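This is start_0.txt. It holds compact mmCIF, C-alpha atoms.
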```
# COMPACT_ATOMS: atom_id res chain seq x y z
CA MET A 1 -7.64 34.69 -9.45
CA THR A 2 -7.25 38.08 -7.73
CA THR A 3 -4.82 40.50 -9.41
CA LYS A 4 -2.63 43.13 -7.71
CA ALA A 5 -4.72 45.97 -9.19
CA ALA A 6 -7.87 44.46 -7.72
CA THR A 7 -6.12 44.27 -4.34
CA TRP A 8 -5.38 47.99 -4.33
CA GLN A 9 -8.94 48.68 -5.44
CA TRP A 10 -10.26 46.79 -2.43
CA THR A 11 -7.85 48.68 -0.16
CA GLY A 12 -9.28 51.98 -1.44
CA VAL A 13 -12.82 50.79 -0.88
CA GLY A 14 -11.92 49.82 2.66
CA ILE A 15 -10.50 53.31 3.34
CA SER A 16 -13.56 55.02 1.87
CA VAL A 17 -16.03 52.89 3.78
CA GLY A 18 -14.06 53.31 6.99
CA ALA A 19 -13.90 57.07 6.55
CA GLY A 20 -17.63 57.26 5.93
CA LEU A 21 -18.42 55.21 9.01
CA GLY A 22 -16.01 57.35 11.04
CA LEU A 23 -17.69 60.54 9.79
CA ILE A 24 -21.13 59.31 10.82
CA ALA A 25 -19.83 58.17 14.20
CA GLY A 26 -18.15 61.52 14.75
CA LEU A 27 -21.28 63.49 13.89
CA LEU A 28 -23.40 61.43 16.22
CA ALA A 29 -20.89 61.57 19.04
CA SER A 30 -19.97 65.26 18.99
CA GLY A 31 -22.44 67.09 16.84
CA GLY A 32 -19.82 67.79 14.19
CA SER A 33 -16.76 68.60 16.30
CA GLY A 34 -15.43 65.06 15.94
CA ILE A 35 -15.63 64.96 12.15
CA GLY A 36 -11.89 65.23 11.62
CA ILE A 37 -11.15 62.60 14.21
CA GLY A 38 -13.83 60.30 12.73
CA ILE A 39 -12.37 60.64 9.23
CA ALA A 40 -8.88 59.91 10.51
CA LEU A 41 -9.99 56.87 12.46
CA GLY A 42 -12.09 55.67 9.55
CA ALA A 43 -9.18 55.96 7.18
CA GLY A 44 -7.04 53.97 9.56
CA VAL A 45 -9.65 51.22 9.82
CA GLY A 46 -10.02 51.19 6.04
CA ALA A 47 -6.28 50.88 5.55
CA ALA A 48 -6.16 47.98 8.01
CA VAL A 49 -8.99 46.20 6.18
CA GLY A 50 -7.27 46.74 2.84
CA ALA A 51 -3.96 45.47 4.20
CA ALA A 52 -5.66 42.34 5.53
CA ILE A 53 -7.22 41.70 2.12
CA ASP A 54 -3.87 42.23 0.45
CA SER A 55 -2.19 39.80 2.89
CA ARG A 56 -4.74 37.07 2.24
CA THR A 57 -4.41 37.60 -1.48
CA VAL A 58 -0.62 37.25 -1.35
CA GLN A 59 -0.96 34.02 0.63
CA ALA A 60 -3.47 32.66 -1.89
CA ARG A 61 -1.22 33.57 -4.81
CA ARG A 62 1.74 31.88 -3.12
CA SER A 63 -0.32 28.72 -2.58
CA ALA A 64 -1.42 28.72 -6.22
CA ALA A 65 2.16 29.16 -7.40
CA ALA A 66 3.29 26.26 -5.23
CA GLY A 67 0.80 23.95 -6.96
CA PRO A 68 -1.59 21.41 -5.43
CA GLU A 69 -0.72 19.67 -2.19
CA PRO A 70 0.84 16.23 -2.67
CA VAL A 71 -1.42 13.22 -2.22
CA PRO A 72 -0.53 11.30 0.96
CA CYS A 73 1.31 8.05 0.24
CA ARG A 74 -1.39 6.02 1.92
CA LEU A 75 -3.79 6.95 -0.90
CA VAL A 76 -1.51 5.54 -3.59
CA SER A 77 -2.47 1.92 -4.26
CA THR A 78 0.18 -0.73 -4.74
CA LEU A 79 0.22 -2.54 -8.08
CA PHE A 80 -1.29 -6.02 -7.92
CA VAL A 81 0.92 -7.19 -10.79
CA PRO A 82 3.83 -5.36 -12.48
CA ASP A 83 3.01 -3.10 -15.43
CA ASP A 84 5.11 -5.22 -17.78
CA PHE A 85 3.52 -8.52 -16.71
CA GLU A 86 1.48 -10.15 -19.46
CA VAL A 87 -1.64 -11.53 -17.79
CA PRO A 88 -2.51 -15.06 -19.01
CA LEU A 89 -5.70 -15.17 -21.03
CA ALA A 90 -6.10 -18.94 -21.06
CA LEU A 91 -5.12 -22.17 -19.38
CA ALA A 92 -5.98 -25.48 -20.99
CA THR A 93 -5.79 -29.04 -19.68
CA ASP A 94 -7.24 -32.29 -20.99
CA ARG A 95 -10.16 -31.96 -18.55
CA PHE A 96 -11.06 -28.27 -18.57
CA ARG A 97 -9.91 -24.83 -19.64
CA LEU A 98 -9.83 -21.38 -18.07
CA GLU A 99 -10.73 -18.13 -19.78
CA PRO A 100 -11.46 -14.63 -18.40
CA LEU A 101 -14.94 -14.41 -16.92
CA GLY A 102 -17.25 -12.06 -18.78
CA ALA A 103 -20.85 -11.18 -19.54
CA GLU A 104 -20.98 -13.89 -22.21
CA HIS A 105 -20.84 -16.53 -19.45
CA ASN A 106 -23.78 -15.15 -17.50
CA GLU A 107 -26.51 -17.74 -18.07
CA ARG A 108 -24.13 -20.72 -17.82
CA ASP A 109 -22.32 -19.30 -14.79
CA HIS A 110 -25.60 -18.49 -13.03
CA GLU A 111 -26.92 -22.01 -13.62
CA ALA A 112 -23.66 -23.59 -12.43
CA TRP A 113 -23.43 -21.94 -9.04
CA THR A 114 -27.16 -21.70 -8.24
CA SER A 115 -27.34 -25.49 -8.64
CA SER A 116 -24.39 -25.94 -6.26
CA ILE A 117 -24.77 -23.46 -3.39
CA THR A 118 -24.41 -26.01 -0.58
CA HIS A 119 -21.42 -27.64 -2.25
CA ILE A 120 -19.62 -24.32 -2.85
CA ARG A 121 -20.21 -23.16 0.72
CA ALA A 122 -18.45 -26.30 1.95
CA THR A 123 -15.46 -25.77 -0.37
CA PRO A 124 -12.14 -24.70 1.27
CA GLY A 125 -11.60 -20.98 0.81
CA PHE A 126 -15.23 -20.07 1.50
CA PRO A 127 -15.11 -20.44 5.28
CA ASP A 128 -18.04 -18.37 6.49
CA GLY A 129 -20.71 -20.42 4.73
CA LYS A 130 -22.49 -17.26 3.58
CA TRP A 131 -21.47 -17.23 -0.07
CA PRO A 132 -22.90 -17.69 -2.57
CA THR A 133 -26.28 -16.16 -1.86
CA GLU A 134 -29.30 -16.25 -4.12
CA MET A 135 -29.39 -13.59 -6.84
CA SER A 136 -31.19 -13.05 -10.10
CA SER A 137 -29.61 -13.52 -13.52
CA GLU A 138 -29.54 -9.73 -13.89
CA GLN A 139 -27.70 -9.33 -10.60
CA ASN A 140 -25.27 -12.06 -11.61
CA LEU A 141 -24.61 -10.24 -14.88
CA ALA A 142 -23.71 -7.07 -12.98
CA ASP A 143 -21.30 -9.12 -10.86
CA LEU A 144 -19.66 -10.59 -13.96
CA VAL A 145 -19.29 -7.14 -15.50
CA ARG A 146 -17.60 -5.96 -12.29
CA HIS A 147 -15.13 -8.86 -12.43
CA ALA A 148 -14.41 -8.12 -16.09
CA GLY A 149 -13.74 -4.49 -15.14
CA ASP A 150 -11.28 -5.60 -12.45
CA PHE A 151 -9.53 -7.80 -15.02
CA ALA A 152 -9.20 -4.91 -17.48
CA ALA A 153 -7.89 -2.63 -14.70
CA ARG A 154 -5.47 -5.36 -13.53
CA THR A 155 -6.79 -5.15 -9.98
CA GLY A 156 -8.16 -8.70 -9.86
CA PHE A 157 -8.44 -11.66 -12.20
CA THR A 158 -11.42 -14.00 -12.45
CA TYR A 159 -11.58 -16.99 -14.79
CA SER A 160 -14.47 -19.15 -15.82
CA VAL A 161 -13.73 -22.90 -15.79
CA LEU A 162 -15.25 -24.65 -18.78
CA ASP A 163 -15.56 -28.15 -20.16
CA GLY A 164 -16.49 -27.57 -23.77
CA ASP A 165 -19.10 -24.80 -23.56
CA GLU A 166 -20.35 -25.82 -20.12
CA VAL A 167 -19.35 -23.64 -17.17
CA ILE A 168 -18.23 -25.99 -14.42
CA GLY A 169 -16.49 -23.60 -12.02
CA CYS A 170 -14.64 -20.39 -11.38
CA VAL A 171 -11.22 -19.18 -10.22
CA TYR A 172 -10.59 -15.83 -8.48
CA LEU A 173 -7.22 -14.11 -8.00
CA TYR A 174 -7.38 -10.97 -5.85
CA PRO A 175 -5.07 -9.02 -3.51
CA THR A 176 -5.11 -9.82 0.17
CA ASN A 177 -4.47 -7.33 2.96
CA ASP A 178 -3.29 -9.81 5.59
CA GLY A 179 0.31 -8.55 5.28
CA GLU A 180 1.59 -12.08 4.69
CA HIS A 181 0.38 -13.13 1.22
CA ASP A 182 0.54 -11.33 -2.10
CA VAL A 183 -2.54 -12.97 -3.66
CA GLU A 184 -5.59 -14.85 -2.49
CA ALA A 185 -6.80 -17.58 -4.84
CA GLN A 186 -10.25 -19.12 -4.55
CA SER A 187 -11.94 -21.69 -6.74
CA TRP A 188 -15.09 -23.76 -6.91
CA VAL A 189 -16.59 -26.38 -9.17
CA ARG A 190 -20.25 -27.23 -9.56
CA ALA A 191 -21.59 -30.09 -7.45
CA SER A 192 -22.06 -32.37 -10.46
CA ARG A 193 -18.29 -32.11 -11.16
CA ALA A 194 -17.08 -32.31 -7.57
CA GLU A 195 -14.35 -34.81 -8.52
CA LEU A 196 -12.50 -31.96 -10.28
CA ASP A 197 -12.11 -29.79 -7.20
CA VAL A 198 -8.72 -31.23 -6.18
CA VAL A 199 -7.58 -31.40 -9.82
CA LEU A 200 -8.45 -27.72 -10.33
CA TRP A 201 -6.64 -26.77 -7.11
CA GLU A 202 -3.50 -28.64 -8.18
CA THR A 203 -3.61 -27.14 -11.66
CA VAL A 204 -4.08 -23.57 -10.47
CA SER A 205 -1.43 -23.97 -7.75
CA SER A 206 1.14 -24.99 -10.37
CA TRP A 207 -0.04 -22.23 -12.70
CA LEU A 208 0.47 -19.59 -9.99
CA ALA A 209 4.00 -20.85 -9.34
CA GLU A 210 5.01 -21.04 -12.99
CA ALA A 211 3.15 -18.29 -14.85
CA TRP A 212 2.44 -15.55 -12.31
CA PRO A 213 4.71 -13.14 -10.38
CA PHE A 214 3.31 -14.04 -6.97
CA GLU A 215 5.60 -15.46 -4.32
CA ARG A 216 3.29 -15.99 -1.33
CA PRO A 217 -0.13 -17.14 -2.53
CA LEU A 218 -2.97 -17.95 -0.16
CA TYR A 219 -4.95 -20.84 -1.62
CA GLU A 220 -6.73 -23.17 0.78
CA GLN A 221 -5.44 -26.70 0.37
CA ARG A 222 -7.73 -29.49 -0.73
CA ARG A 223 -7.66 -32.78 1.12
```
Output the file's structure in the form of structure tokens.
Amino acid sequence: MTTKAATWQWTGVGISVGAGLGLIAGLLASGGSGIGIGIALGAGVGAAVGAAIDSRTVQARRSAAAGPEPVPCRLVSTLFVPDDFEVPLALATDRFRLEPLGAEHNERDHEAWTSSITHIRATPGFPDGKWPTEMSSEQNLADLVRHAGDFAARTGFTYSVLDGDEVIGCVYLYPTNDGEHDVEAQSWVRASRAELDVVLWETVSSWLAEAWPFERPLYEQRR
């Protein structure tokens, strides 16, 4: 931060430097007869330089006093769920249960979807046929850790679907930017448990209506 004393010091330096330059210019131009004029002009230039420095300093100090510029509204993200909403940590039925997806599911989750890629790609809600793609167990672990981070930050919620200790599917709840829906739900089950796809869809659809604050979910219907 530049103080007022430092500002006046810079003004004095500007006058001195300007006077010196004016003196040299006067000597060169008139062999000494223009010394007085050179000093006077130099002092004027120095004063102008000092005043400019002082003006910039005042502007900077005013900006600092005003505080940082406000962040544009478009950079402020909208809450996915209200702060006081208690996110469900489980859902249990007589055929399966849901719990938050985490690193502890990695091997079972990786085995479930890698054995069912064609089936998952044909599941409603995965329309482009490009997901899932092959990845290593280590890459899958990183993906699970990311989902767990989203869950902790309340920016997205992913649940592993289990029957006993076996991972048989997954449910994803994330924001959508289509301007029409307030959540996009996706789910899949492994190919060996394909008969549960409609059951899972019905269960999660009721769960969203009864236990979540969403009013306009997007969740591709099963037929």
Query raised in the report: Could you pull the residues within 7 Å of range 172-188 of chain A, counting all atoms listed in the file, minus those fewer than 5 positions along the same chain, as a ChimeraX atom specification?
Result: /A:80,120,123,125,156-159,197,214-219
Requested in this report: Could you give me, as number ranges by chain, the residues that sit within 10 Å of (-16.1, -28.4, -10.2) in the file's coordinates, counting all atoms listed in the file?
Outcome: A: 96, 112-113, 116, 119-120, 161-163, 167-170, 187-200
Query raised in the report: Hey, which of A:Ala153, A:Ala209, A:Ala142, A:Val204 ends up closest to Leu79 in chain A? Count all atoms listed in the file.
Result: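 Closest to Leu79 in chain A, using all atoms listed in the file: A:Ala153.
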Query raised in the report: Nearest to Gly102 in chain A: which of A:Gln221, A:Ser205, A:Ser115, A:Asn140 is it, counting all atoms listed in the file?
Result: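 When distances to Gly102 in chain A are compared using all atoms listed in the file, the smallest one comes from A:Asn140.
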Query raised in the report: When you draw a straight line from CA of Leu89 in chain A to CA of Thr114 in chain A, how long is it in Å?
Result: 25.8 Å
Query raised in the report: What gap, in Å, lies between CA of Glu104 in chain A and CA of Thr155 in chain A?
Result: 20.7 Å
Requested in this report: Measure the distance from CA of Leu101 in chain A to CA of Pro88 in chain A in Å and round it to one decimal.
Outcome: 12.6 Å
Please, what is the axis-aligned box for every listed atom of range 198-205 of chain A with 6 Å on each side, as centre and edge lengths in Å to one decimal, as AutoDock Vina command-line options?
```
--center_x -5.1 --center_y -27.5 --center_z -8.9 --size_x 19.3 --size_y 19.8 --size_z 17.5
```
Requested in this report: Kindly indicate which residue among A:Leu141, A:Arg154, A:Arg222, A:Arg146 lies nearest to Ala103 in chain A, using only C-alpha atoms for the distances.
Outcome: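 Result for the nearest residue to Ala103 in chain A: A:Leu141.
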**Report entry** Nearest residue to Glu111 in chain A from the set A:Ser137, A:Ser160, A:Pro132, A:Asp94 (distances using all atoms listed in the file)
**Finding:**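 So, comparing all the options, the nearest one is A:Ser137.
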Query - Minimum-distance residue to Leu98 in chain A, chosen among A:Glu220, A:Asp165, A:Asp128, A:Asp84 (using all atoms listed in the file) - result: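 Residue with the minimum atom-to-atom distance to Leu98 in chain A: A:Asp165.
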Query raised in the report: Between A:Trp201, A:Gln139, A:Trp212, A:Arg223, which is the closest to Val87 in chain A once you count all atoms listed in the file?
Result: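 Among the listed residues, A:Trp212 lies closest to Val87 in chain A.
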What would range 115-146 of chain A look like if you wrote it out as a tab-separated table (two decimals), in the first residue's frame, with N, CA and C atoms included, from the block I just posted?
```
chain	number	residue	atom	x	y	z
A	115	SER	N	-19.21	-56.44	-16.56
A	115	SER	CA	-19.84	-57.67	-17.07
A	115	SER	C	-21.16	-57.37	-17.77
A	116	SER	N	-21.55	-56.08	-17.82
A	116	SER	CA	-22.90	-55.75	-18.30
A	116	SER	C	-22.92	-54.53	-19.23
A	117	ILE	N	-21.82	-54.25	-19.91
A	117	ILE	CA	-21.72	-53.02	-20.70
A	117	ILE	C	-22.81	-52.93	-21.76
A	118	THR	N	-23.02	-53.99	-22.52
A	118	THR	CA	-24.04	-53.95	-23.57
A	118	THR	C	-25.43	-53.73	-22.98
A	119	HIS	N	-25.72	-54.40	-21.89
A	119	HIS	CA	-27.02	-54.27	-21.24
A	119	HIS	C	-27.24	-52.85	-20.73
A	120	ILE	N	-26.23	-52.27	-20.09
A	120	ILE	CA	-26.37	-50.91	-19.54
A	120	ILE	C	-26.55	-49.90	-20.66
A	121	ARG	N	-25.82	-50.06	-21.74
A	121	ARG	CA	-25.94	-49.12	-22.86
A	121	ARG	C	-27.34	-49.13	-23.47
A	122	ALA	N	-28.05	-50.22	-23.33
A	122	ALA	CA	-29.40	-50.32	-23.87
A	122	ALA	C	-30.46	-49.90	-22.86
A	123	THR	N	-30.05	-49.51	-21.66
A	123	THR	CA	-30.99	-49.13	-20.61
A	123	THR	C	-31.49	-47.71	-20.83
A	124	PRO	N	-32.80	-47.44	-20.67
A	124	PRO	CA	-33.30	-46.06	-20.79
A	124	PRO	C	-32.55	-45.12	-19.84
A	125	GLY	N	-32.23	-43.94	-20.37
A	125	GLY	CA	-31.46	-42.97	-19.59
A	125	GLY	C	-30.00	-42.91	-20.00
A	126	PHE	N	-29.56	-43.87	-20.81
A	126	PHE	CA	-28.20	-43.87	-21.36
A	126	PHE	C	-28.31	-43.91	-22.87
A	127	PRO	N	-28.81	-42.82	-23.48
A	127	PRO	CA	-29.27	-42.86	-24.87
A	127	PRO	C	-28.18	-42.90	-25.92
A	128	ASP	N	-26.97	-42.43	-25.60
A	128	ASP	CA	-25.99	-42.31	-26.68
A	128	ASP	C	-25.23	-43.60	-26.94
A	129	GLY	N	-25.39	-44.60	-26.08
A	129	GLY	CA	-24.74	-45.88	-26.31
A	129	GLY	C	-23.24	-45.84	-26.15
A	130	LYS	N	-22.71	-44.78	-25.51
A	130	LYS	CA	-21.27	-44.65	-25.37
A	130	LYS	C	-20.78	-44.90	-23.95
A	131	TRP	N	-21.70	-45.04	-23.03
A	131	TRP	CA	-21.33	-45.29	-21.64
A	131	TRP	C	-22.01	-46.55	-21.17
A	132	PRO	N	-21.34	-47.40	-20.41
A	132	PRO	CA	-19.98	-47.21	-19.90
A	132	PRO	C	-18.92	-47.61	-20.92
A	133	THR	N	-17.72	-47.10	-20.69
A	133	THR	CA	-16.56	-47.48	-21.50
A	133	THR	C	-15.58	-48.23	-20.62
A	134	GLU	N	-14.76	-49.03	-21.23
A	134	GLU	CA	-13.79	-49.83	-20.48
A	134	GLU	C	-12.87	-48.92	-19.65
A	135	MET	N	-12.61	-49.33	-18.41
A	135	MET	CA	-11.62	-48.65	-17.58
A	135	MET	C	-11.07	-49.63	-16.57
A	136	SER	N	-9.89	-49.32	-16.08
A	136	SER	CA	-9.25	-50.20	-15.11
A	136	SER	C	-9.91	-50.06	-13.75
A	137	SER	N	-9.57	-50.97	-12.85
A	137	SER	CA	-10.09	-50.89	-11.48
A	137	SER	C	-9.61	-49.62	-10.80
A	138	GLU	N	-8.39	-49.20	-11.10
A	138	GLU	CA	-7.85	-47.96	-10.52
A	138	GLU	C	-8.61	-46.74	-11.02
A	139	GLN	N	-8.93	-46.73	-12.29
A	139	GLN	CA	-9.72	-45.62	-12.85
A	139	GLN	C	-11.13	-45.61	-12.27
A	140	ASN	N	-11.69	-46.80	-12.09
A	140	ASN	CA	-13.02	-46.89	-11.50
A	140	ASN	C	-13.01	-46.36	-10.07
A	141	LEU	N	-11.95	-46.67	-9.33
A	141	LEU	CA	-11.84	-46.18	-7.95
A	141	LEU	C	-11.83	-44.66	-7.93
A	142	ALA	N	-11.10	-44.04	-8.84
A	142	ALA	CA	-11.07	-42.58	-8.90
A	142	ALA	C	-12.46	-42.03	-9.19
A	143	ASP	N	-13.22	-42.72	-10.02
A	143	ASP	CA	-14.58	-42.30	-10.34
A	143	ASP	C	-15.48	-42.40	-9.11
A	144	LEU	N	-15.32	-43.46	-8.35
A	144	LEU	CA	-16.11	-43.64	-7.13
A	144	LEU	C	-15.78	-42.58	-6.09
A	145	VAL	N	-14.51	-42.26	-5.99
A	145	VAL	CA	-14.09	-41.21	-5.04
A	145	VAL	C	-14.69	-39.87	-5.44
A	146	ARG	N	-14.75	-39.61	-6.75
A	146	ARG	CA	-15.36	-38.36	-7.23
A	146	ARG	C	-16.85	-38.31	-6.85
```
